file model-v4.tsv (TSV, C-alpha atoms)
chain	number	residue	atom	x	y	z
A	1	MET	CA	260.95	171.60	211.48
A	2	SER	CA	261.36	175.16	210.26
A	3	ASN	CA	262.93	173.82	207.08
A	4	ARG	CA	259.86	171.60	206.50
A	5	THR	CA	257.59	174.62	206.96
A	6	ARG	CA	259.55	176.72	204.46
A	7	SER	CA	259.57	173.91	201.88
A	8	THR	CA	255.80	173.30	202.04
A	9	ALA	CA	254.64	176.92	202.03
A	10	PRO	CA	255.51	177.63	198.36
A	11	ARG	CA	253.70	174.46	197.27
A	12	ARG	CA	250.51	175.63	198.99
A	13	ARG	CA	250.66	178.94	197.10
A	14	THR	CA	251.27	177.09	193.81
A	15	ARG	CA	248.24	174.83	194.29
A	16	THR	CA	246.03	177.79	195.16
A	17	ARG	CA	247.11	179.66	192.05
A	18	THR	CA	246.54	176.61	189.87
A	19	ARG	CA	242.96	176.31	191.08
A	20	GLN	CA	242.35	179.95	190.25
A	21	ILE	CA	243.53	179.78	186.64
A	22	THR	CA	242.08	176.36	185.73
A	23	PRO	CA	239.00	176.96	183.51
A	24	ARG	CA	235.71	175.31	184.38
A	25	THR	CA	235.03	172.18	182.36
A	26	HIS	CA	231.90	173.46	180.66
A	27	TRP	CA	233.66	176.59	179.41
A	28	LEU	CA	236.47	174.44	178.05
A	29	LEU	CA	233.97	172.23	176.21
A	30	LEU	CA	232.19	175.25	174.77
A	31	SER	CA	235.49	176.69	173.59
A	32	VAL	CA	236.47	173.42	171.92
A	33	LEU	CA	233.04	173.22	170.24
A	34	ALA	CA	233.34	176.77	168.93
A	35	VAL	CA	236.83	176.22	167.53
A	36	THR	CA	235.86	172.89	166.00
A	37	LEU	CA	232.75	174.36	164.40
A	38	ALA	CA	234.73	177.21	162.90
A	39	THR	CA	237.31	174.78	161.54
A	40	ALA	CA	234.62	172.53	160.09
A	41	LEU	CA	232.92	175.40	158.31
A	42	LEU	CA	236.24	176.52	156.83
A	43	LEU	CA	236.67	173.00	155.50
A	44	GLN	CA	233.37	173.30	153.65
A	45	GLY	CA	234.99	174.97	150.66
A	46	TYR	CA	237.82	172.43	150.67
A	47	THR	CA	235.53	169.41	150.53
A	48	HIS	CA	233.06	171.14	148.22
A	49	HIS	CA	235.57	172.06	145.52
A	50	MET	CA	238.54	169.72	145.88
A	51	PHE	CA	236.75	166.39	146.00
A	52	GLY	CA	233.60	167.05	144.03
A	53	ILE	CA	231.55	165.18	146.61
A	54	THR	CA	228.44	167.24	145.97
A	55	SER	CA	227.90	165.72	142.53
A	56	ASP	CA	225.15	163.17	142.03
A	57	SER	CA	227.50	161.35	139.65
A	58	VAL	CA	229.09	159.52	142.60
A	59	THR	CA	226.16	157.12	142.66
A	60	GLY	CA	226.36	153.92	140.64
A	61	VAL	CA	225.31	150.30	140.27
A	62	ARG	CA	224.96	148.49	143.59
A	63	GLY	CA	226.96	145.37	144.28
A	64	SER	CA	226.82	142.17	146.30
A	65	THR	CA	224.71	141.90	149.44
A	66	ASP	CA	226.29	138.85	151.06
A	67	MET	CA	227.74	140.92	153.95
A	68	VAL	CA	224.41	142.55	154.84
A	69	PRO	CA	222.67	140.58	157.62
A	70	SER	CA	219.49	138.90	156.45
A	71	GLN	CA	217.59	140.30	159.44
A	72	VAL	CA	218.45	143.80	158.17
A	73	LEU	CA	217.49	143.15	154.54
A	74	ARG	CA	214.13	141.84	155.73
A	75	GLY	CA	213.81	144.03	158.83
A	76	GLY	CA	212.51	147.40	159.88
A	77	PRO	CA	213.66	150.75	158.51
A	78	VAL	CA	215.38	151.97	161.71
A	79	ILE	CA	218.73	150.22	162.17
A	80	ALA	CA	220.94	150.21	165.27
A	81	ASN	CA	224.03	148.25	166.34
A	82	ALA	CA	225.11	147.81	162.72
A	83	ALA	CA	228.71	147.35	163.85
A	84	THR	CA	227.87	144.23	165.88
A	85	THR	CA	224.63	142.30	166.17
A	86	ALA	CA	222.41	144.64	164.12
A	87	HIS	CA	218.86	145.27	165.27
A	88	THR	CA	216.03	146.85	163.31
A	89	ALA	CA	212.75	148.41	164.40
A	90	GLN	CA	209.40	148.35	162.64
A	91	VAL	CA	206.96	151.24	162.67
A	92	LYS	CA	203.91	150.74	164.89
A	93	PRO	CA	200.74	149.64	163.08
A	94	ARG	CA	198.66	152.42	161.51
A	95	THR	CA	201.42	154.93	162.28
A	96	ILE	CA	203.03	157.19	159.69
A	97	ALA	CA	206.35	159.00	160.17
A	98	LEU	CA	206.62	161.77	157.60
A	99	THR	CA	210.25	162.57	156.80
A	100	PHE	CA	211.65	165.45	154.75
A	101	ASP	CA	215.12	165.39	153.17
A	102	ASP	CA	217.57	167.94	151.76
A	103	GLY	CA	216.53	171.12	153.60
A	104	PRO	CA	216.10	173.53	155.07
A	105	ASP	CA	215.09	175.65	152.09
A	106	PRO	CA	214.15	179.33	152.58
A	107	VAL	CA	211.10	179.04	150.31
A	108	TRP	CA	209.68	175.54	150.78
A	109	THR	CA	210.59	174.57	154.34
A	110	PRO	CA	208.51	177.40	155.90
A	111	ARG	CA	205.52	176.48	153.74
A	112	ILE	CA	205.77	172.82	154.72
A	113	LEU	CA	206.11	173.82	158.37
A	114	ASP	CA	202.99	175.96	158.03
A	115	VAL	CA	201.00	172.99	156.68
A	116	LEU	CA	202.25	170.72	159.46
A	117	ARG	CA	201.37	173.31	162.11
A	118	ARG	CA	197.85	173.83	160.77
A	119	ASN	CA	197.27	170.07	160.95
A	120	HIS	CA	198.98	169.62	164.35
A	121	VAL	CA	201.48	167.12	162.92
A	122	HIS	CA	205.10	166.63	163.91
A	123	ALA	CA	207.56	165.27	161.34
A	124	THR	CA	211.28	164.46	161.05
A	125	PHE	CA	213.61	166.64	158.98
A	126	PHE	CA	216.92	165.24	157.73
A	127	ILE	CA	219.13	168.30	157.44
A	128	VAL	CA	221.91	168.94	154.92
A	129	GLY	CA	224.78	170.74	156.65
A	130	THR	CA	225.37	173.38	153.98
A	131	GLN	CA	221.69	174.29	154.17
A	132	ALA	CA	221.84	174.51	157.96
A	133	VAL	CA	224.80	176.89	157.72
A	134	ALA	CA	222.96	179.03	155.15
A	135	HIS	CA	219.61	179.04	156.99
A	136	PRO	CA	220.16	178.47	160.72
A	137	GLU	CA	216.93	180.28	161.61
A	138	LEU	CA	214.96	177.52	159.86
A	139	VAL	CA	216.73	174.80	161.83
A	140	ARG	CA	215.77	176.68	164.99
A	141	ARG	CA	212.18	176.93	163.83
A	142	ILE	CA	212.00	173.19	163.09
A	143	VAL	CA	213.19	172.39	166.60
A	144	ALA	CA	211.06	175.10	168.26
A	145	GLU	CA	207.86	173.76	166.65
A	146	GLY	CA	208.41	170.28	168.03
A	147	HIS	CA	209.72	168.48	164.96
A	148	GLN	CA	212.62	166.05	165.03
A	149	ILE	CA	216.04	166.64	163.47
A	150	GLY	CA	218.24	164.07	161.74
A	151	ILE	CA	221.37	164.60	159.66
A	152	HIS	CA	221.65	164.03	155.91
A	153	THR	CA	225.40	164.79	155.50
A	154	PHE	CA	227.03	168.12	154.81
A	155	THR	CA	227.18	168.19	150.99
A	156	HIS	CA	224.78	165.35	150.04
A	157	PRO	CA	227.27	162.83	148.61
A	158	ASP	CA	226.76	159.08	148.23
A	159	LEU	CA	228.62	157.98	151.36
A	160	ALA	CA	229.16	154.52	149.87
A	161	ARG	CA	231.45	156.08	147.25
A	162	LEU	CA	233.60	158.00	149.73
A	163	ALA	CA	236.64	157.05	151.76
A	164	PRO	CA	235.97	156.46	155.48
A	165	TRP	CA	237.67	159.72	156.48
A	166	GLN	CA	235.45	161.67	154.08
A	167	ARG	CA	232.36	160.00	155.52
A	168	SER	CA	233.44	161.02	159.01
A	169	LEU	CA	234.01	164.59	157.88
A	170	GLU	CA	230.55	164.74	156.31
A	171	LEU	CA	228.86	163.54	159.50
A	172	ARG	CA	230.91	165.69	161.87
A	173	GLU	CA	230.45	168.87	159.87
A	174	THR	CA	226.70	168.35	159.70
A	175	GLN	CA	226.37	167.62	163.40
A	176	LEU	CA	228.36	170.73	164.22
A	177	ALA	CA	226.29	172.82	161.81
A	178	VAL	CA	223.07	171.66	163.50
A	179	ALA	CA	224.55	172.29	166.95
A	180	GLY	CA	225.67	175.76	165.89
A	181	ALA	CA	222.28	176.59	164.38
A	182	ALA	CA	219.91	175.24	167.01
A	183	GLY	CA	222.00	174.15	169.99
A	184	VAL	CA	221.09	170.47	169.64
A	185	THR	CA	222.68	167.24	168.50
A	186	THR	CA	220.94	164.24	166.99
A	187	ALA	CA	221.53	160.50	166.78
A	188	LEU	CA	219.47	160.07	163.61
A	189	LEU	CA	221.11	159.66	160.20
A	190	ARG	CA	219.66	159.16	156.75
A	191	PRO	CA	222.39	158.57	154.14
A	192	PRO	CA	221.74	160.34	150.83
A	193	TYR	CA	220.50	158.08	148.02
A	194	SER	CA	219.33	155.45	150.49
A	195	SER	CA	215.91	153.89	150.11
A	196	ARG	CA	214.62	150.64	151.62
A	197	ASN	CA	216.37	147.87	153.52
A	198	ASP	CA	216.35	145.46	150.59
A	199	ALA	CA	218.32	147.96	148.48
A	200	LEU	CA	221.38	147.85	150.76
A	201	ASP	CA	224.57	146.31	149.39
A	202	ASN	CA	227.91	145.52	151.06
A	203	THR	CA	229.34	149.01	150.61
A	204	ASP	CA	226.18	150.60	151.96
A	205	TRP	CA	226.42	148.27	154.93
A	206	SER	CA	229.97	149.45	155.64
A	207	VAL	CA	228.61	153.00	155.79
A	208	LEU	CA	225.97	151.98	158.34
A	209	GLN	CA	228.57	150.15	160.42
A	210	GLN	CA	230.86	153.17	160.47
A	211	ALA	CA	227.93	155.41	161.36
A	212	ASP	CA	226.97	153.09	164.22
A	213	THR	CA	230.48	153.28	165.62
A	214	ALA	CA	230.18	157.07	165.49
A	215	GLY	CA	226.94	156.90	167.48
A	216	TYR	CA	224.19	157.02	164.86
A	217	VAL	CA	220.97	155.16	164.26
A	218	THR	CA	220.21	154.88	160.53
A	219	VAL	CA	216.71	155.72	159.32
A	220	LEU	CA	215.68	154.36	155.92
A	221	ALA	CA	212.25	154.70	154.27
A	222	THR	CA	209.51	152.21	153.52
A	223	GLN	CA	207.48	154.40	151.17
A	224	ASP	CA	208.71	156.99	148.66
A	225	ALA	CA	206.28	159.77	147.76
A	226	GLU	CA	208.42	160.41	144.65
A	227	ASP	CA	207.87	164.14	145.06
A	228	TRP	CA	211.48	164.69	143.96
A	229	GLN	CA	210.29	163.88	140.42
A	230	ARG	CA	207.50	166.50	140.58
A	231	PRO	CA	205.03	164.02	139.02
A	232	GLY	CA	201.92	166.00	139.99
A	233	VAL	CA	199.94	166.34	143.18
A	234	GLY	CA	197.75	163.31	142.47
A	235	ARG	CA	200.73	161.02	141.96
A	236	ILE	CA	202.41	162.24	145.15
A	237	LEU	CA	199.21	161.56	147.09
A	238	THR	CA	199.01	158.04	145.67
A	239	GLN	CA	202.62	157.27	146.48
A	240	ALA	CA	202.47	158.72	150.00
A	241	THR	CA	199.24	157.00	151.05
A	242	PRO	CA	199.78	153.69	152.87
A	243	HIS	CA	197.65	150.60	152.33
A	244	GLY	CA	196.47	148.44	155.21
A	245	ARG	CA	197.57	148.60	158.83
A	246	THR	CA	201.36	148.40	158.35
A	247	GLY	CA	203.18	151.46	159.68
A	248	GLN	CA	205.34	153.43	157.25
A	249	ILE	CA	208.21	155.88	157.12
A	250	VAL	CA	207.33	158.11	154.17
A	251	LEU	CA	210.09	159.90	152.25
A	252	MET	CA	209.41	163.45	151.04
A	253	HIS	CA	211.53	166.55	150.37
A	254	ASP	CA	211.50	170.15	151.54
A	255	ALA	CA	214.35	171.31	149.28
A	256	GLY	CA	216.23	170.42	146.12
A	257	GLY	CA	213.98	172.30	143.68
A	258	ASP	CA	210.40	173.46	143.30
A	259	ARG	CA	208.38	171.76	146.05
A	260	SER	CA	205.03	173.43	145.38
A	261	GLN	CA	203.53	170.03	144.51
A	262	THR	CA	204.76	168.64	147.85
A	263	VAL	CA	203.13	171.53	149.74
A	264	ALA	CA	199.85	171.10	147.87
A	265	ALA	CA	199.84	167.33	148.37
A	266	LEU	CA	200.51	167.65	152.10
A	267	SER	CA	197.52	169.96	152.54
A	268	ILE	CA	195.32	167.13	151.25
A	269	LEU	CA	197.25	164.17	152.64
A	270	LEU	CA	197.38	165.09	156.32
A	271	PRO	CA	193.65	165.50	157.00
A	272	ARG	CA	192.97	162.47	154.81
A	273	LEU	CA	195.33	160.21	156.82
A	274	LYS	CA	193.86	161.43	160.09
A	275	ALA	CA	190.33	160.74	158.84
A	276	GLN	CA	191.41	157.20	157.94
A	277	GLY	CA	192.61	156.61	161.51
A	278	TYR	CA	196.37	156.88	161.04
A	279	THR	CA	198.63	158.36	163.71
A	280	LEU	CA	201.23	160.81	162.39
A	281	ALA	CA	204.42	160.84	164.45
A	282	THR	CA	208.13	161.56	164.49
A	283	VAL	CA	210.50	158.69	163.72
A	284	SER	CA	211.34	158.07	167.37
A	285	ASP	CA	207.68	157.98	168.42
A	286	ALA	CA	206.77	155.80	165.45
A	287	VAL	CA	209.20	153.03	166.45
A	288	GLY	CA	209.30	153.47	170.22
A	289	MET	CA	212.67	155.17	170.70
A	290	THR	CA	213.30	157.64	173.47
A	291	VAL	CA	214.08	161.12	172.16
A	292	PRO	CA	217.28	161.02	170.05
A	293	VAL	CA	217.78	164.80	169.98
A	294	HIS	CA	219.51	166.47	172.93
A	295	PRO	CA	220.98	169.87	173.84
A	296	ALA	CA	224.49	170.21	172.42
A	297	GLY	CA	227.04	168.92	174.91
A	298	PHE	CA	224.68	166.30	176.38
A	299	THR	CA	226.10	162.80	176.10
A	300	SER	CA	223.58	160.02	175.56
A	301	THR	CA	224.97	156.54	176.16
A	302	CYS	CA	222.23	154.89	174.17
A	303	LYS	CA	221.61	157.03	171.11
A	304	GLY	CA	218.02	157.55	172.15
A	305	TRP	CA	217.33	153.98	173.24
A	306	PRO	CA	216.30	153.10	176.80
A	307	SER	CA	219.43	152.81	178.91
A	308	SER	CA	218.27	149.55	180.46
A	309	ARG	CA	218.51	147.69	177.17
A	310	CYS	CA	221.81	146.27	175.95
A	311	CYS	CA	224.10	149.29	175.97
A	312	ARG	CA	227.58	148.79	174.58
A	313	ALA	CA	229.86	151.00	176.64
A	314	ALA	CA	232.73	150.79	174.14
A	315	THR	CA	230.95	152.84	171.49
A	316	GLY	CA	228.00	154.24	173.42
A	317	SER	CA	225.49	152.57	171.14
A	318	CYS	CA	222.55	150.36	171.93
A	319	GLY	CA	220.64	147.74	170.10
A	320	CYS	CA	217.56	147.77	172.02
A	321	TRP	CA	214.49	145.73	171.62
A	322	ALA	CA	215.49	142.13	170.91
A	323	CYS	CA	218.21	141.33	173.40
call {"tool": "encode", "arguments": {"input": "model-v4.tsv", "output": "structure tokens"}}
result
Amino acid sequence: MSNRTRSTAPRRRTRTRTRQITPRTHWLLLSVLAVTLATALLLQGYTHHMFGITSDSVTGVRGSTDMVPSQVLRGGPVIANAATTAHTAQVKPRTIALTFDDGPDPVWTPRILDVLRRNHVHATFFIVGTQAVAHPELVRRIVAEGHQIGIHTFTHPDLARLAPWQRSLELRETQLAVAGAAGVTTALLRPPYSSRNDALDNTDWSVLQQADTAGYVTVLATQDAEDWQRPGVGRILTQATPHGRTGQIVLMHDAGGDRSQTVAALSILLPRLKAQGYTLATVSDAVGMTVPVHPAGFTSTCKGWPSSRCCRAATGSCGCWAC
């Protein structure tokens, strides 16, 4: 009996010591996030210079569309469950989701935010990771003023022209840059050089499927304001104004060059749309998603979709409204 007592006593002391030195889970997760973010940012120069993936020259002629589901080609601009059954969502009637790509920009993003604030409008900003790293205070302002964040890759390449591992790196770096800047993560993705559903080809579709597996909902556009061409304020207004009751996701830009025409057009467009009876909303509100942006470290099993609808536990994604 005394031998049994002596043999168990050291084990009790060992267990007690182990409990004392084991870090709490949340501190471990924060440490991993910090190390991963630092590593990702160091990789920025590697991807930027070694692979040339920031060049617009990676875009090219689109190919066959036989692998893209017909319900996607003809469906709504918000696409979920691309890796399996593929569901799309339409914008609610007489609802406009204004979206801004390529920022944040230190000159134009604040001016666009000022116009949105004066008109009490919330929009969705698709952030480029390098811009988030350079201007984290603007990412924080976007979130603080009630706008929605999506990701637009780290260096703005055409994802369809990249290897799968490069696509993953682009998405991960951007997500980490947003988390580092504003303490949030997002399930929304807009691939660079994307446009409408009917422009998708097989390679584009492979990008959306890979993104779905990684936990993203893809947001395309239904109406292009063409402000990237700087065609004049009048032309931007014409291109951004919807016709009829059909809801729209309007593509605009808050970076990538001189956006003074965009700022001027918005000052006219927003009160005009309101006077015509349109509702201006974020992407999630426009299509009926639950909020897709969460504090960093929060795990959403449904990428912003209601948890009661068709969750796939294997990947954490949900296709959500037509089950």
call {"tool": "closest_residue", "arguments": {"input": "model-v4.tsv", "among": "A:Val91, A:Ala182, A:Leu113, A:Leu269", "to": "Ser284 of chain A", "atoms": "all atoms listed in the file"}}
result
A:Val91
call {"tool": "atom_distance", "arguments": {"input": "model-v4.tsv", "atom1": "atom CA of Thr84 of chain A", "atom2": "atom CA of Pro164 of chain A"}}
result
18.0 Å
call {"tool": "residues_around", "arguments": {"input": "model-v4.tsv", "residues": "Leu200 of chain A", "least_positions_apart": "2", "cutoff": "12 Å", "atoms": "all atoms listed in the file", "output": "compact mmCIF listing (two decimals) with C-alpha atoms, keeping the file's coordinate frame"}}
result
# COMPACT_ATOMS: atom_id res chain seq x y z
CA VAL A 61 225.31 150.30 140.27
CA ARG A 62 224.96 148.49 143.59
CA GLY A 63 226.96 145.37 144.28
CA SER A 64 226.82 142.17 146.30
CA THR A 65 224.71 141.90 149.44
CA ASP A 66 226.29 138.85 151.06
CA MET A 67 227.74 140.92 153.95
CA VAL A 68 224.41 142.55 154.84
CA PRO A 69 222.67 140.58 157.62
CA SER A 70 219.49 138.90 156.45
CA VAL A 72 218.45 143.80 158.17
CA LEU A 73 217.49 143.15 154.54
CA ARG A 74 214.13 141.84 155.73
CA GLY A 75 213.81 144.03 158.83
CA PRO A 77 213.66 150.75 158.51
CA ILE A 79 218.73 150.22 162.17
CA ALA A 160 229.16 154.52 149.87
CA PRO A 191 222.39 158.57 154.14
CA TYR A 193 220.50 158.08 148.02
CA SER A 194 219.33 155.45 150.49
CA SER A 195 215.91 153.89 150.11
CA ARG A 196 214.62 150.64 151.62
CA ASN A 197 216.37 147.87 153.52
CA ASP A 198 216.35 145.46 150.59
CA ASN A 202 227.91 145.52 151.06
CA THR A 203 229.34 149.01 150.61
CA ASP A 204 226.18 150.60 151.96
CA TRP A 205 226.42 148.27 154.93
CA SER A 206 229.97 149.45 155.64
CA VAL A 207 228.61 153.00 155.79
CA LEU A 208 225.97 151.98 158.34
CA LEU A 220 215.68 154.36 155.92
CA ALA A 221 212.25 154.70 154.27
call {"tool": "atom_distance", "arguments": {"input": "model-v4.tsv", "atom1": "atom CA of Ala225 of chain A", "atom2": "atom CA of Glu170 of chain A"}}
result
26.2 Å
call {"tool": "residues_around", "arguments": {"input": "model-v4.tsv", "residues": "His135 of chain A", "least_positions_apart": "5", "cutoff": "12 Å", "atoms": "only C-alpha atoms", "output": "PyMOL selection string"}}
result
chain A and resi 103-107+109-110+127-130+140-142+177-178+180-182
call {"tool": "residues_near_point", "arguments": {"input": "model-v4.tsv", "point": "(204.7, 146.2, 158.5)", "cutoff": "7 Å", "atoms": "only C-alpha atoms", "output": "ChimeraX atom specification"}}
result
/A:90-91,93,246-247
call {"tool": "axis_aligned_box", "arguments": {"input": "model-v4.tsv", "around": "segment 267-270 of chain A", "padding_each_side": "6 Å", "output": "AutoDock Vina command-line options"}}
result
--center_x 196.4 --center_y 167.1 --center_z 153.8 --size_x 14.2 --size_y 17.8 --size_z 17.1
call {"tool": "closest_residue", "arguments": {"input": "model-v4.tsv", "among": "A:Pro136, A:Gly232, A:Gly288, A:Gly215", "to": "Ala97 of chain A", "atoms": "all atoms listed in the file"}}
result
A:Gly288
call {"tool": "atom_distance", "arguments": {"input": "model-v4.tsv", "atom1": "atom CA of Ala265 of chain A", "atom2": "atom CA of Met252 of chain A"}}
result
10.7 Å
call {"tool": "closest_residue", "arguments": {"input": "model-v4.tsv", "among": "A:His147, A:Lys92, A:His294, A:Arg117", "to": "Ala179 of chain A", "atoms": "all atoms listed in the file"}}
result
A:His294
call {"tool": "residues_around", "arguments": {"input": "model-v4.tsv", "residues": "Asp227 of chain A", "least_positions_apart": "5", "cutoff": "10 Å", "atoms": "only C-alpha atoms", "output": "number ranges by chain"}}
result
A: 232-233, 235-237, 239-240, 251-254, 258-263, 265
call {"tool": "residues_near_point", "arguments": {"input": "model-v4.tsv", "point": "(221.1, 169.1, 174.0)", "cutoff": "12 Å", "atoms": "all atoms listed in the file", "output": "list in words"}}
result
Val143, Ile149, Gln175, Val178, Ala179, Gly180, Ala182, Gly183, Val184, Thr185, Thr186, Ala187, Val291, Pro292, Val293, His294, Pro295, Ala296, Gly297, Phe298, Thr299 and Ser300 of chain A
call {"tool": "residues_around", "arguments": {"input": "model-v4.tsv", "residues": "Leu169 of chain A", "least_positions_apart": "3", "cutoff": "9 Å", "atoms": "all atoms listed in the file", "output": "mmCIF file with C-alpha atoms, in the coordinates of the input"}}
result
data_model
loop_
_atom_site.group_PDB
_atom_site.id
_atom_site.type_symbol
_atom_site.label_atom_id
_atom_site.label_comp_id
_atom_site.auth_asym_id
_atom_site.auth_seq_id
_atom_site.Cartn_x
_atom_site.Cartn_y
_atom_site.Cartn_z
ATOM 1 C CA ALA A 40 234.620 172.530 160.090
ATOM 2 C CA THR A 47 235.530 169.410 150.530
ATOM 3 C CA THR A 153 225.400 164.790 155.500
ATOM 4 C CA PHE A 154 227.030 168.120 154.810
ATOM 5 C CA PRO A 164 235.970 156.460 155.480
ATOM 6 C CA TRP A 165 237.670 159.720 156.480
ATOM 7 C CA GLN A 166 235.450 161.670 154.080
ATOM 8 C CA ARG A 172 230.910 165.690 161.870
ATOM 9 C CA GLU A 173 230.450 168.870 159.870
ATOM 10 C CA THR A 174 226.700 168.350 159.700
#
call {"tool": "closest_residue", "arguments": {"input": "model-v4.tsv", "among": "A:Arg230, A:Gly244, A:Pro192, A:Asn81", "to": "Ala214 of chain A", "atoms": "only C-alpha atoms"}}
result
A:Asn81
call {"tool": "residues_around", "arguments": {"input": "model-v4.tsv", "residues": "Leu270 of chain A", "least_positions_apart": "3", "cutoff": "10 Å", "atoms": "only C-alpha atoms", "output": "PyMOL selection string"}}
result
chain A and resi 98+115-116+118-121+241+265-267+273-275+278+280
call {"tool": "build_atoms", "arguments": {"input": "model-v4.tsv", "residues": "segment 224-231 of chain A", "atoms": "all heavy atoms", "output": "tab-separated table (two decimals), keeping the file's coordinate frame"}}
result
chain	number	residue	atom	x	y	z
A	224	ASP	N	208.17	155.80	149.31
A	224	ASP	CA	208.71	156.99	148.66
A	224	ASP	C	207.58	157.73	147.96
A	224	ASP	O	206.94	157.20	147.04
A	224	ASP	CB	209.78	156.57	147.65
A	224	ASP	CG	210.51	157.76	147.01
A	224	ASP	OD1	210.09	158.91	147.24
A	224	ASP	OD2	211.49	157.52	146.28
A	225	ALA	N	207.33	158.97	148.39
A	225	ALA	CA	206.28	159.77	147.76
A	225	ALA	C	206.65	160.19	146.34
A	225	ALA	O	205.78	160.66	145.59
A	225	ALA	CB	205.98	161.01	148.60
A	226	GLU	N	207.92	160.06	145.99
A	226	GLU	CA	208.42	160.41	144.65
A	226	GLU	C	208.17	161.87	144.29
A	226	GLU	O	208.09	162.24	143.12
A	226	GLU	CB	207.83	159.48	143.58
A	226	GLU	CG	208.23	158.03	143.75
A	226	GLU	CD	207.73	157.13	142.64
A	226	GLU	OE1	207.04	157.62	141.72
A	226	GLU	OE2	208.05	155.92	142.67
A	227	ASP	N	208.08	162.71	145.34
A	227	ASP	CA	207.87	164.14	145.06
A	227	ASP	C	209.09	164.78	144.42
A	227	ASP	O	208.98	165.82	143.77
A	227	ASP	CB	207.47	164.88	146.35
A	227	ASP	CG	208.55	164.81	147.42
A	227	ASP	OD1	209.30	163.80	147.47
A	227	ASP	OD2	208.64	165.76	148.22
A	228	TRP	N	210.26	164.15	144.57
A	228	TRP	CA	211.48	164.69	143.96
A	228	TRP	C	211.37	164.72	142.42
A	228	TRP	O	212.05	165.50	141.76
A	228	TRP	CB	212.69	163.86	144.39
A	228	TRP	CG	212.57	162.39	144.09
A	228	TRP	CD1	211.96	161.45	144.86
A	228	TRP	CD2	213.07	161.71	142.94
A	228	TRP	NE1	212.06	160.21	144.27
A	228	TRP	CE2	212.74	160.34	143.09
A	228	TRP	CE3	213.78	162.10	141.81
A	228	TRP	CZ2	213.07	159.38	142.14
A	228	TRP	CZ3	214.12	161.14	140.86
A	228	TRP	CH2	213.77	159.79	141.03
A	229	GLN	N	210.49	163.88	141.87
A	229	GLN	CA	210.29	163.88	140.42
A	229	GLN	C	209.28	164.92	139.95
A	229	GLN	O	209.11	165.12	138.75
A	229	GLN	CB	209.81	162.50	139.96
A	229	GLN	CG	210.78	161.37	140.22
A	229	GLN	CD	210.32	160.08	139.59
A	229	GLN	OE1	210.13	160.00	138.38
A	229	GLN	NE2	210.14	159.05	140.40
A	230	ARG	N	208.58	165.56	140.90
A	230	ARG	CA	207.50	166.50	140.58
A	230	ARG	C	206.51	165.88	139.59
A	230	ARG	O	206.26	166.42	138.49
A	230	ARG	CB	208.08	167.81	140.06
A	230	ARG	CG	208.89	168.57	141.10
A	230	ARG	CD	209.22	169.98	140.68
A	230	ARG	NE	210.22	170.02	139.62
A	230	ARG	CZ	211.55	169.95	139.83
A	230	ARG	NH1	212.01	169.84	141.07
A	230	ARG	NH2	212.38	170.02	138.83
A	231	PRO	N	205.90	164.74	139.96
A	231	PRO	CA	205.03	164.02	139.02
A	231	PRO	C	203.59	164.52	139.01
A	231	PRO	O	202.76	163.98	138.28
A	231	PRO	CB	205.07	162.60	139.57
A	231	PRO	CG	205.19	162.79	141.05
A	231	PRO	CD	206.05	164.03	141.24
